[in-house]
>>> print(open('input21.pdb').read())   # PDB, C-alpha atoms (C1' of nucleotides)
ATOM      1  CA  MET L   1     -19.843  -6.117 -84.555
ATOM      2  CA  LEU L   2     -16.878  -4.961 -86.627
ATOM      3  CA  ILE L   3     -16.678  -4.941 -90.374
ATOM      4  CA  GLY L   4     -14.810  -8.210 -90.718
ATOM      5  CA  GLU L   5     -17.372 -10.141 -88.736
ATOM      6  CA  LEU L   6     -20.280  -8.589 -90.599
ATOM      7  CA  ALA L   7     -18.647  -9.386 -93.907
ATOM      8  CA  GLU L   8     -18.220 -13.003 -92.992
ATOM      9  CA  ARG L   9     -21.686 -13.346 -91.511
ATOM     10  CA  ALA L  10     -23.258 -11.711 -94.538
ATOM     11  CA  GLY L  11     -21.183 -13.726 -96.956
ATOM     12  CA  THR L  12     -19.416 -10.805 -98.566
ATOM     13  CA  SER L  13     -16.207  -8.770 -98.283
ATOM     14  CA  THR L  14     -15.175  -5.809 -96.211
ATOM     15  CA  ARG L  15     -14.491  -3.983 -99.435
ATOM     16  CA  ALA L  16     -18.074  -4.455-100.519
ATOM     17  CA  LEU L  17     -19.379  -3.184 -97.182
ATOM     18  CA  ARG L  18     -17.323  -0.008 -97.433
ATOM     19  CA  TYR L  19     -18.556   0.356-100.980
ATOM     20  CA  TYR L  20     -22.172   0.107 -99.862
ATOM     21  CA  GLU L  21     -21.485   2.653 -97.179
ATOM     22  CA  ALA L  22     -19.876   5.025 -99.672
ATOM     23  CA  HIS L  23     -23.125   4.797-101.618
ATOM     24  CA  GLY L  24     -25.292   5.462 -98.617
ATOM     25  CA  LEU L  25     -26.781   2.013 -98.151
ATOM     26  CA  VAL L  26     -25.246   1.251 -94.784
ATOM     27  CA  ARG L  27     -24.430   3.586 -91.932
ATOM     28  CA  PRO L  28     -22.283   2.070 -89.217
ATOM     29  CA  GLU L  29     -21.337   3.965 -86.108
ATOM     30  CA  ARG L  30     -17.728   4.511 -85.167
ATOM     31  CA  SER L  31     -15.956   3.398 -82.074
ATOM     32  CA  ALA L  32     -13.397   5.617 -80.349
ATOM     33  CA  ASN L  33     -10.571   4.307 -82.484
ATOM     34  CA  GLY L  34     -12.415   4.964 -85.715
ATOM     35  CA  TYR L  35     -13.531   1.402 -86.375
ATOM     36  CA  ARG L  36     -16.902   0.842 -87.984
ATOM     37  CA  VAL L  37     -19.378  -0.711 -85.589
ATOM     38  CA  TYR L  38     -22.502  -2.399 -86.895
ATOM     39  CA  ASP L  39     -25.518  -3.578 -84.964
ATOM     40  CA  GLU L  40     -27.465  -6.732 -85.690
ATOM     41  CA  ALA L  41     -30.031  -4.950 -87.844
ATOM     42  CA  GLU L  42     -27.357  -4.147 -90.407
ATOM     43  CA  LEU L  43     -26.827  -7.823 -90.970
ATOM     44  CA  ARG L  44     -30.323  -8.118 -92.388
ATOM     45  CA  VAL L  45     -29.823  -5.019 -94.463
ATOM     46  CA  VAL L  46     -26.627  -6.313 -95.970
ATOM     47  CA  ARG L  47     -28.188  -9.682 -96.682
ATOM     48  CA  GLU L  48     -31.041  -7.926 -98.441
ATOM     49  CA  ILE L  49     -28.553  -5.984-100.515
ATOM     50  CA  ARG L  50     -26.652  -9.134-101.424
ATOM     51  CA  ALA L  51     -29.804 -11.007-102.349
ATOM     52  CA  LEU L  52     -30.976  -8.253-104.669
ATOM     53  CA  LEU L  53     -27.579  -7.723-106.256
ATOM     54  CA  ASP L  54     -27.340 -11.441-106.908
ATOM     55  CA  VAL L  55     -30.634 -11.243-108.754
ATOM     56  CA  GLY L  56     -29.249  -8.554-111.031
ATOM     57  CA  PHE L  57     -30.311  -5.358-109.285
ATOM     58  CA  GLY L  58     -28.099  -2.293-109.255
ATOM     59  CA  LEU L  59     -27.285  -0.400-106.088
ATOM     60  CA  ASP L  60     -29.806   2.285-106.952
ATOM     61  CA  ASP L  61     -32.519  -0.305-107.290
ATOM     62  CA  VAL L  62     -31.678  -1.655-103.876
ATOM     63  CA  ARG L  63     -32.123   1.600-101.966
ATOM     64  CA  PRO L  64     -35.905   1.449-101.536
ATOM     65  CA  PHE L  65     -35.632  -2.027-100.050
ATOM     66  CA  VAL L  66     -33.061  -0.916 -97.530
ATOM     67  CA  ALA L  67     -35.184   2.086 -96.599
ATOM     68  CA  CYS L  68     -38.137  -0.235 -96.224
ATOM     69  CA  LEU L  69     -36.272  -2.455 -93.814
ATOM     70  CA  ARG L  70     -35.074   0.585 -91.873
ATOM     71  CA  ALA L  71     -38.667   1.750 -91.608
ATOM     72  CA  GLY L  72     -39.269  -1.236 -89.400
ATOM     73  CA  ASN L  73     -40.693  -3.753 -91.841
ATOM     74  CA  THR L  74     -39.666  -7.356 -91.596
ATOM     75  CA  SER L  75     -39.459  -7.537 -95.386
ATOM     76  CA  GLY L  76     -37.887  -4.953 -97.641
ATOM     77  CA  ASP L  77     -40.426  -5.718-100.348
ATOM     78  CA  VAL L  78     -43.621  -4.380 -98.851
ATOM     79  CA  CYS L  79     -43.131  -0.656 -99.328
ATOM     80  CA  PRO L  80     -44.604   1.047-102.393
ATOM     81  CA  ASP L  81     -41.204   2.138-103.746
ATOM     82  CA  SER L  82     -39.932  -1.388-103.501
ATOM     83  CA  VAL L  83     -42.991  -2.689-105.299
ATOM     84  CA  THR L  84     -42.429  -0.159-108.056
ATOM     85  CA  VAL L  85     -38.873  -1.361-108.498
ATOM     86  CA  LEU L  86     -39.987  -4.986-108.399
ATOM     87  CA  ARG L  87     -42.501  -4.341-111.159
ATOM     88  CA  ARG L  88     -39.963  -2.537-113.291
ATOM     89  CA  LYS L  89     -37.360  -5.225-112.791
ATOM     90  CA  LEU L  90     -39.845  -7.937-113.601
ATOM     91  CA  ALA L  91     -40.688  -6.137-116.826
ATOM     92  CA  GLU L  92     -36.992  -5.784-117.638
ATOM     93  CA  VAL L  93     -36.431  -9.459-117.039
ATOM     94  CA  ASP L  94     -39.388 -10.346-119.228
ATOM     95  CA  ALA L  95     -38.069  -8.162-122.011
ATOM     96  CA  TYR L  96     -34.672  -9.736-121.685
ATOM     97  CA  LEU L  97     -36.180 -13.184-121.718
ATOM     98  CA  ASP L  98     -37.899 -12.348-124.978
ATOM     99  CA  ARG L  99     -34.683 -11.102-126.517
ATOM    100  CA  LEU L 100     -32.728 -14.086-125.309
ATOM    101  CA  GLY L 101     -35.403 -16.416-126.613
ATOM    102  CA  ALA L 102     -35.141 -14.837-130.029
ATOM    103  CA  VAL L 103     -31.375 -15.099-129.915
ATOM    104  CA  ARG L 104     -31.611 -18.722-128.920
ATOM    105  CA  GLN L 105     -33.951 -19.373-131.798
ATOM    106  CA  GLN L 106     -31.581 -17.723-134.242
ATOM    107  CA  LEU L 107     -28.573 -19.602-132.930
ATOM    108  CA  HIS L 108     -30.463 -22.842-133.193
ATOM    109  CA  THR L 109     -31.446 -22.113-136.771
ATOM    110  CA  GLN L 110     -27.921 -21.066-137.633
ATOM    111  CA  LEU L 111     -26.502 -24.198-136.060
ATOM    112  CA  THR L 112     -28.797 -26.652-137.787
ATOM    113  CA  HIS L 113     -28.219 -24.879-141.075
ATOM    114  CA  ALA L 114     -24.483 -25.015-140.573
ATOM    115  CA  ILE L 115     -24.526 -28.724-139.814
ATOM    116  CA  ALA L 116     -26.682 -29.393-142.850
ATOM    117  CA  HIS L 117     -24.270 -27.533-145.126
ATOM    118  CA  ARG L 118     -21.052 -28.780-143.602
ATOM    119  CA  GLU L 119     -18.073 -27.261-145.342
ATOM    120  CA  GLU L 120     -20.226 -26.260-148.279
ATOM    121  CA  PRO L 121     -20.985 -28.281-151.466
ATOM    122  CA  CYS L 122     -17.577 -27.715-153.065
ATOM    123  CA  PRO L 123     -14.700 -28.917-150.823
ATOM    124  CA  ARG L 124     -12.039 -26.376-151.755
ATOM    125  CA  LYS L 125     -12.477 -23.318-153.856
ATOM    126  CA  ARG L 126      -9.633 -22.089-155.974
ATOM    127  CA  GLN L 127      -9.982 -18.512-154.843
ATOM    128  CA  SER L 128      -7.102 -16.676-156.547
ATOM    129  CA  ALA L 129      -6.127 -19.335-159.055
ATOM    130  CA  HIS L 130      -6.335 -17.553-162.366
TER
ATOM    131  CA  MET T   1     -13.676   1.605-150.722
ATOM    132  CA  LEU T   2     -12.485   3.786-147.865
ATOM    133  CA  ILE T   3     -13.287   3.343-144.214
ATOM    134  CA  GLY T   4     -16.107   5.873-144.124
ATOM    135  CA  GLU T   5     -17.992   4.228-146.935
ATOM    136  CA  LEU T   6     -17.547   0.763-145.494
ATOM    137  CA  ALA T   7     -18.746   1.970-142.123
ATOM    138  CA  GLU T   8     -21.890   3.420-143.613
ATOM    139  CA  ARG T   9     -22.577   0.442-145.835
ATOM    140  CA  ALA T  10     -22.058  -1.974-142.962
ATOM    141  CA  GLY T  11     -24.100   0.099-140.592
ATOM    142  CA  THR T  12     -21.359   0.806-138.105
ATOM    143  CA  SER T  13     -18.720   3.414-137.293
ATOM    144  CA  THR T  14     -15.197   4.022-138.499
ATOM    145  CA  ARG T  15     -14.102   3.710-134.902
ATOM    146  CA  ALA T  16     -15.514   0.213-134.741
ATOM    147  CA  LEU T  17     -13.782  -0.793-137.967
ATOM    148  CA  ARG T  18     -10.410   0.352-136.693
ATOM    149  CA  TYR T  19     -11.144  -1.492-133.484
ATOM    150  CA  TYR T  20     -11.858  -4.706-135.369
ATOM    151  CA  GLU T  21      -8.651  -4.222-137.292
ATOM    152  CA  ALA T  22      -6.680  -3.681-134.110
ATOM    153  CA  HIS T  23      -8.011  -7.048-132.995
ATOM    154  CA  GLY T  24      -7.105  -8.780-136.221
ATOM    155  CA  LEU T  25     -10.577  -9.282-137.644
ATOM    156  CA  VAL T  26     -10.203  -7.067-140.684
ATOM    157  CA  ARG T  27      -7.132  -6.396-142.786
ATOM    158  CA  PRO T  28      -7.490  -3.515-145.210
ATOM    159  CA  GLU T  29      -4.754  -2.558-147.626
ATOM    160  CA  ARG T  30      -3.271   0.901-147.621
ATOM    161  CA  SER T  31      -3.252   3.394-150.417
ATOM    162  CA  ALA T  32      -0.224   5.594-151.097
ATOM    163  CA  ASN T  33      -1.422   8.260-148.691
ATOM    164  CA  GLY T  34      -1.904   5.775-145.879
ATOM    165  CA  TYR T  35      -5.674   5.464-146.161
ATOM    166  CA  ARG T  36      -7.266   2.116-145.461
ATOM    167  CA  VAL T  37      -8.682   0.529-148.599
ATOM    168  CA  TYR T  38     -11.241  -2.246-148.355
ATOM    169  CA  ASP T  39     -12.531  -4.497-151.081
ATOM    170  CA  GLU T  40     -16.101  -5.715-151.409
ATOM    171  CA  ALA T  41     -15.437  -8.963-149.561
ATOM    172  CA  GLU T  42     -14.710  -7.034-146.384
ATOM    173  CA  LEU T  43     -18.256  -5.729-146.416
ATOM    174  CA  ARG T  44     -19.570  -9.215-145.874
ATOM    175  CA  VAL T  45     -17.010  -9.844-143.204
ATOM    176  CA  VAL T  46     -17.955  -6.724-141.308
ATOM    177  CA  ARG T  47     -21.634  -7.516-141.611
ATOM    178  CA  GLU T  48     -20.953 -10.965-140.196
ATOM    179  CA  ILE T  49     -19.093  -9.400-137.310
ATOM    180  CA  ARG T  50     -21.912  -6.970-136.627
ATOM    181  CA  ALA T  51     -24.555  -9.669-136.768
ATOM    182  CA  LEU T  52     -22.705 -11.851-134.286
ATOM    183  CA  LEU T  53     -21.883  -9.014-131.926
ATOM    184  CA  ASP T  54     -25.528  -7.991-131.940
ATOM    185  CA  VAL T  55     -26.429 -11.487-130.839
ATOM    186  CA  GLY T  56     -24.117 -11.198-127.873
ATOM    187  CA  PHE T  57     -20.883 -12.703-129.159
ATOM    188  CA  GLY T  58     -17.533 -11.324-128.115
ATOM    189  CA  LEU T  59     -14.827 -10.474-130.628
ATOM    190  CA  ASP T  60     -12.990 -13.671-129.835
ATOM    191  CA  ASP T  61     -16.078 -15.709-130.593
ATOM    192  CA  VAL T  62     -16.379 -14.003-133.944
ATOM    193  CA  ARG T  63     -12.935 -14.920-135.247
ATOM    194  CA  PRO T  64     -13.738 -18.406-136.525
ATOM    195  CA  PHE T  65     -16.634 -17.054-138.548
ATOM    196  CA  VAL T  66     -14.463 -14.446-140.197
ATOM    197  CA  ALA T  67     -11.835 -17.043-140.975
ATOM    198  CA  CYS T  68     -14.551 -19.237-142.430
ATOM    199  CA  LEU T  69     -15.712 -16.499-144.743
ATOM    200  CA  ARG T  70     -12.128 -15.773-145.754
ATOM    201  CA  ALA T  71     -11.682 -19.452-146.586
ATOM    202  CA  GLY T  72     -14.130 -18.910-149.381
ATOM    203  CA  ASN T  73     -17.379 -20.054-147.838
ATOM    204  CA  THR T  74     -20.561 -18.136-148.518
ATOM    205  CA  SER T  75     -21.570 -18.548-144.904
ATOM    206  CA  GLY T  76     -19.322 -18.072-141.898
ATOM    207  CA  ASP T  77     -21.206 -20.761-140.013
ATOM    208  CA  VAL T  78     -20.229 -23.888-141.893
ATOM    209  CA  CYS T  79     -16.688 -24.419-140.632
ATOM    210  CA  PRO T  80     -16.083 -26.750-137.689
ATOM    211  CA  ASP T  81     -14.660 -24.018-135.466
ATOM    212  CA  SER T  82     -17.716 -21.893-136.074
ATOM    213  CA  VAL T  83     -19.981 -24.795-135.266
ATOM    214  CA  THR T  84     -18.103 -25.335-132.036
ATOM    215  CA  VAL T  85     -18.622 -21.728-131.051
ATOM    216  CA  LEU T  86     -22.267 -21.888-132.052
ATOM    217  CA  ARG T  87     -22.801 -24.901-129.847
ATOM    218  CA  ARG T  88     -21.059 -23.298-126.933
ATOM    219  CA  LYS T  89     -22.968 -20.074-127.314
ATOM    220  CA  LEU T  90     -26.230 -21.905-127.569
ATOM    221  CA  ALA T  91     -25.423 -23.703-124.358
ATOM    222  CA  GLU T  92     -24.514 -20.414-122.708
ATOM    223  CA  VAL T  93     -27.763 -18.862-123.815
ATOM    224  CA  ASP T  94     -29.705 -21.840-122.529
ATOM    225  CA  ALA T  95     -27.969 -21.610-119.187
ATOM    226  CA  TYR T  96     -28.694 -17.918-119.026
ATOM    227  CA  LEU T  97     -32.297 -18.514-119.940
ATOM    228  CA  ASP T  98     -32.569 -20.922-117.048
ATOM    229  CA  ARG T  99     -31.058 -18.457-114.641
ATOM    230  CA  LEU T 100     -33.222 -15.636-115.877
ATOM    231  CA  GLY T 101     -36.281 -17.839-115.652
ATOM    232  CA  ALA T 102     -35.484 -18.605-112.041
ATOM    233  CA  VAL T 103     -34.925 -14.923-111.343
ATOM    234  CA  ARG T 104     -38.217 -14.082-112.984
ATOM    235  CA  GLN T 105     -39.935 -16.664-110.863
ATOM    236  CA  GLN T 106     -38.412 -15.249-107.722
ATOM    237  CA  LEU T 107     -39.296 -11.687-108.596
ATOM    238  CA  HIS T 108     -42.832 -12.740-109.346
ATOM    239  CA  THR T 109     -43.126 -14.504-106.010
ATOM    240  CA  GLN T 110     -41.590 -11.582-104.206
ATOM    241  CA  LEU T 111     -43.932  -9.167-105.927
ATOM    242  CA  THR T 112     -47.138 -11.057-105.225
ATOM    243  CA  HIS T 113     -46.036 -11.553-101.650
ATOM    244  CA  ALA T 114     -45.282  -7.872-101.301
ATOM    245  CA  ILE T 115     -48.664  -6.872-102.661
ATOM    246  CA  ALA T 116     -50.418  -9.320-100.367
ATOM    247  CA  HIS T 117     -48.647  -7.917 -97.313
ATOM    248  CA  ARG T 118     -48.830  -4.280 -98.260
ATOM    249  CA  GLU T 119     -47.159  -2.175 -95.597
ATOM    250  CA  GLU T 120     -47.318  -5.048 -93.164
ATOM    251  CA  PRO T 121     -50.158  -5.956 -90.769
ATOM    252  CA  CYS T 122     -49.447  -3.173 -88.303
ATOM    253  CA  PRO T 123     -49.557   0.279 -89.967
ATOM    254  CA  ARG T 124     -46.846   2.036 -87.993
ATOM    255  CA  LYS T 125     -44.518   0.473 -85.552
ATOM    256  CA  ARG T 126     -43.406   2.429 -82.570
ATOM    257  CA  GLN T 127     -39.774   1.504 -82.934
ATOM    258  CA  SER T 128     -38.030   3.610 -80.277
ATOM    259  CA  ALA T 129     -41.082   4.827 -78.400
ATOM    260  CA  HIS T 130     -40.954   3.726 -74.804
TER
ATOM    261  C1'  DC C   1       9.866  -4.712 -78.445
ATOM    262  C1'  DC C   2       7.939  -7.424 -81.952
ATOM    263  C1'  DT C   3       4.713  -9.879 -84.411
ATOM    264  C1'  DT C   4       0.051 -10.914 -85.681
ATOM    265  C1'  DG C   5      -4.263  -9.582 -87.044
ATOM    266  C1'  DC C   6      -7.535  -6.630 -86.940
ATOM    267  C1'  DC C   7      -8.863  -1.886 -88.691
ATOM    268  C1'  DT C   8      -8.370   2.880 -91.515
ATOM    269  C1'  DT C   9      -8.314   5.878 -95.998
ATOM    270  C1'  DG C  10      -6.931   6.265-100.667
ATOM    271  C1'  DA C  11      -6.354   5.063-105.424
ATOM    272  C1'  DC C  12      -5.673   2.306-109.441
ATOM    273  C1'  DG C  13      -7.180  -2.148-112.170
ATOM    274  C1'  DT C  14     -10.864  -4.980-114.203
ATOM    275  C1'  DC C  15     -13.900  -6.224-118.471
ATOM    276  C1'  DG C  16     -15.610  -4.825-123.715
ATOM    277  C1'  DG C  17     -16.748  -2.398-127.384
ATOM    278  C1'  DC C  18     -16.488   1.180-128.660
ATOM    279  C1'  DG C  19     -17.503   7.111-128.194
ATOM    280  C1'  DA C  20     -15.235  11.290-128.130
ATOM    281  C1'  DC C  21     -11.617  14.327-128.544
ATOM    282  C1'  DA C  22      -6.882  15.952-129.927
ATOM    283  C1'  DA C  23      -3.756  17.317-133.439
ATOM    284  C1'  DG C  24      -2.553  16.690-137.753
ATOM    285  C1'  DG C  25      -2.167  15.218-143.136
ATOM    286  C1'  DT C  26      -4.730  14.925-147.956
ATOM    287  C1'  DT C  27      -7.697  16.003-151.596
ATOM    288  C1'  DT C  28     -11.022  18.665-153.827
ATOM    289  C1'  DA C  29     -13.986  22.420-154.858
ATOM    290  C1'  DG C  30     -14.595  27.370-154.969
TER
ATOM    291  C1'  DC N   1      -5.762  30.789-150.359
ATOM    292  C1'  DT N   2      -9.068  28.538-147.807
ATOM    293  C1'  DA N   3     -12.685  25.947-146.260
ATOM    294  C1'  DA N   4     -14.776  21.347-146.240
ATOM    295  C1'  DA N   5     -14.678  16.747-145.758
ATOM    296  C1'  DC N   6     -12.292  13.048-145.855
ATOM    297  C1'  DC N   7      -8.399  10.334-143.588
ATOM    298  C1'  DT N   8      -4.416   9.163-139.836
ATOM    299  C1'  DT N   9      -2.583   7.735-134.872
ATOM    300  C1'  DG N  10      -3.092   8.205-129.985
ATOM    301  C1'  DT N  11      -5.300   8.540-125.652
ATOM    302  C1'  DC N  12      -8.782   9.034-122.253
ATOM    303  C1'  DG N  13     -13.743   8.047-120.793
ATOM    304  C1'  DC N  14     -17.509   4.834-119.888
ATOM    305  C1'  DC N  15     -20.265   1.555-116.840
ATOM    306  C1'  DG N  16     -20.500  -1.177-111.976
ATOM    307  C1'  DA N  17     -19.298  -3.586-108.253
ATOM    308  C1'  DC N  18     -16.027  -4.418-106.432
ATOM    309  C1'  DG N  19     -10.467  -6.759-106.176
ATOM    310  C1'  DT N  20      -6.120  -5.533-104.973
ATOM    311  C1'  DC N  21      -2.301  -3.323-103.425
ATOM    312  C1'  DA N  22      -0.245   0.656-100.531
ATOM    313  C1'  DA N  23       0.871   2.782 -96.262
ATOM    314  C1'  DG N  24      -0.254   3.152 -91.847
ATOM    315  C1'  DG N  25      -2.853   2.996 -86.965
ATOM    316  C1'  DC N  26      -4.410   0.089 -83.008
ATOM    317  C1'  DA N  27      -4.853  -3.965 -79.734
ATOM    318  C1'  DA N  28      -3.006  -7.940 -77.620
ATOM    319  C1'  DG N  29      -0.036 -11.846 -76.670
ATOM    320  C1'  DG N  30       4.706 -13.658 -75.953
TER
END
>>> encode(input="input21.pdb", output="structure tokens")
Amino acid sequence: MLIGELAERAGTSTRALRYYEAHGLVRPERSANGYRVYDEAELRVVREIRALLDVGFGLDDVRPFVACLRAGNTSGDVCPDSVTVLRRKLAEVDAYLDRLGAVRQQLHTQLTHAIAHREEPCPRKRQSAH
Amino acid sequence: MLIGELAERAGTSTRALRYYEAHGLVRPERSANGYRVYDEAELRVVREIRALLDVGFGLDDVRPFVACLRAGNTSGDVCPDSVTVLRRKLAEVDAYLDRLGAVRQQLHTQLTHAIAHREEPCPRKRQSAH
DNA sequence: CCTTGCCTTGACGTCGGCGACAAGGTTTAG
DNA sequence: CTAAACCTTGTCGCCGACGTCAAGGCAAGG
């Protein structure tokens, strides 16, 4: 399988695949003419990468999952390093949820307050008049 | 008041103040030697900017609030344009909360599943043996 | 031979809110 | 005179996951 086919089957771009490779997440072989050749297993790897990136992981976070798949597991999640990352990410998400909740609360307060005090008590202030 | 003092009083940097100015949010006068001179009102403006940026607003989102303050209001929230932005931002935050909630759910599922299937049923697979 | 459609390796652009540095002017205190 | 501590404009760096040319090689059909 060449890069174009893999990209399409994995729902991504050739550029992304080369990017992953440059960062050591994918290692295709090369045919005589220099083309990248991927086997079927790489399709799963790339899909794992995509899935994790879509959830907000960075490439570094993804590495353990890829290694886990390469180790022969059917899921990239089951290895200890992956679990560690999952825990950390879950904690990060929780923290972010808290922050966002607080922000939401503040915006809500601000909005209701603003609507209550529409355009302030006095319509137009003479600001520089005398 | 010069830029350094304003920066300190507003809890930000001189770099940030010049940046806001470059984007039309603050307009200091200039003294004879070319120094930026701010009056007290600008302190409130800058604090409004900071507060909104800290909540996740972009500079463009902040503009209406600044204009509202400049129009003579004690709060930057009360003008219609500000209210519009507040509504939009609230909606954005809500949408993001939903997404993050879903992500959290998925991570949680993934994590519990991973812990349940620690290192897969079969300890070590002979992958190329044979 | 030519075109079409793959593939290759660079290398710069993106988005935002600044940080950091360069090279210089001003004012004040010693 | 000089150092210190302000100020000025200008420009590059950052972070991340790519998008988007650029310039060219290779395979295959008409």
>>> resolve_selection(input="input21.pdb", expression="the PyMOL selection byres ((chain T) within 9 of (chain N))", output="list of chain:residue names")
T:Leu2, T:Ile3, T:Gly4, T:Asn33, T:Gly34, T:Tyr35, T:Arg36
>>> residues_near_point(input="input21.pdb", point="(-11.0, 0.2, -135.4)", cutoff="12 Å", atoms="only C-alpha atoms (C1' of nucleotides)", output="ChimeraX atom specification")
/T:3-4,7,12-28,36,46 /C:17-19 /N:8-9
>>> closest_atom_pairs(input="input21.pdb", of="chain T", to="chain L", cutoff="8 Å", atoms="only C-alpha atoms", output="JSON lines")
{"residue": "T:Val55", "atom": "CA", "partner": "L:Val103", "partner_atom": "CA", "distance": 6.2}
{"residue": "T:Gly72", "atom": "CA", "partner": "L:Lys125", "partner_atom": "CA", "distance": 6.5}
{"residue": "T:Asn73", "atom": "CA", "partner": "L:Glu120", "partner_atom": "CA", "distance": 6.8}
{"residue": "T:Asp77", "atom": "CA", "partner": "L:Ala114", "partner_atom": "CA", "distance": 5.4}
{"residue": "T:Val78", "atom": "CA", "partner": "L:Ala114", "partner_atom": "CA", "distance": 4.6}
{"residue": "T:Cys79", "atom": "CA", "partner": "L:Glu119", "partner_atom": "CA", "distance": 5.7}
{"residue": "T:Pro80", "atom": "CA", "partner": "L:Glu119", "partner_atom": "CA", "distance": 7.9}
{"residue": "T:Val83", "atom": "CA", "partner": "L:Leu111", "partner_atom": "CA", "distance": 6.6}
{"residue": "T:Leu86", "atom": "CA", "partner": "L:Leu111", "partner_atom": "CA", "distance": 6.3}
{"residue": "T:Arg87", "atom": "CA", "partner": "L:Leu111", "partner_atom": "CA", "distance": 7.3}
{"residue": "T:Lys89", "atom": "CA", "partner": "L:Leu107", "partner_atom": "CA", "distance": 7.9}
{"residue": "T:Leu90", "atom": "CA", "partner": "L:Leu107", "partner_atom": "CA", "distance": 6.3}
{"residue": "T:Val93", "atom": "CA", "partner": "L:Arg104", "partner_atom": "CA", "distance": 6.4}
{"residue": "T:Asp94", "atom": "CA", "partner": "L:Arg104", "partner_atom": "CA", "distance": 7.4}
{"residue": "T:Leu97", "atom": "CA", "partner": "L:Leu97", "partner_atom": "CA", "distance": 6.8}
{"residue": "T:Leu100", "atom": "CA", "partner": "L:Leu97", "partner_atom": "CA", "distance": 7.0}
{"residue": "T:Gly101", "atom": "CA", "partner": "L:Leu97", "partner_atom": "CA", "distance": 7.6}
{"residue": "T:Val103", "atom": "CA", "partner": "L:Val55", "partner_atom": "CA", "distance": 6.2}
{"residue": "T:Arg104", "atom": "CA", "partner": "L:Leu90", "partner_atom": "CA", "distance": 6.4}
{"residue": "T:Leu107", "atom": "CA", "partner": "L:Leu90", "partner_atom": "CA", "distance": 6.3}
{"residue": "T:His108", "atom": "CA", "partner": "L:Leu90", "partner_atom": "CA", "distance": 7.1}
{"residue": "T:Gln110", "atom": "CA", "partner": "L:Asp77", "partner_atom": "CA", "distance": 7.1}
{"residue": "T:Leu111", "atom": "CA", "partner": "L:Leu86", "partner_atom": "CA", "distance": 6.3}
{"residue": "T:Ala114", "atom": "CA", "partner": "L:Val78", "partner_atom": "CA", "distance": 4.6}
{"residue": "T:Ile115", "atom": "CA", "partner": "L:Val78", "partner_atom": "CA", "distance": 6.8}
{"residue": "T:His117", "atom": "CA", "partner": "L:Val78", "partner_atom": "CA", "distance": 6.3}
{"residue": "T:Arg118", "atom": "CA", "partner": "L:Val78", "partner_atom": "CA", "distance": 5.2}
{"residue": "T:Glu119", "atom": "CA", "partner": "L:Val78", "partner_atom": "CA", "distance": 5.3}
{"residue": "T:Glu120", "atom": "CA", "partner": "L:Val78", "partner_atom": "CA", "distance": 6.8}
{"residue": "T:Lys125", "atom": "CA", "partner": "L:Gly72", "partner_atom": "CA", "distance": 6.7}
{"residue": "T:Gln127", "atom": "CA", "partner": "L:Gly72", "partner_atom": "CA", "distance": 7.0}
>>> atom_distance(input="input21.pdb", atom1="atom CA of Met1 of chain T", atom2="atom CA of Tyr38 of chain T")
5.1 Å
>>> interface_residues(input="input21.pdb", of="chain C", to="chain L", cutoff="12 Å", atoms="all atoms listed in the file", output="list in words")
DG5, DC6, DC7, DT8 and DT9 of chain C
>>> atom_distance(input="input21.pdb", atom1="atom CA of Glu40 of chain T", atom2="atom CA of Gly11 of chain T")
14.7 Å
>>> calpha_fit_rmsd(input="input21.pdb", fixed="chain T", moving="chain L")
0.2 Å
>>> atom_distance(input="input21.pdb", atom1="atom CA of Thr109 of chain L", atom2="atom CA of Ala67 of chain T")
20.7 Å
>>> axis_aligned_box(input="input21.pdb", around="segment 96-113 of chain L", padding_each_side="8 Å", output="JSON")
{"center_x": -32.2, "center_y": -18.2, "center_z": -131.4, "size_x": 27.4, "size_y": 32.9, "size_z": 35.4}
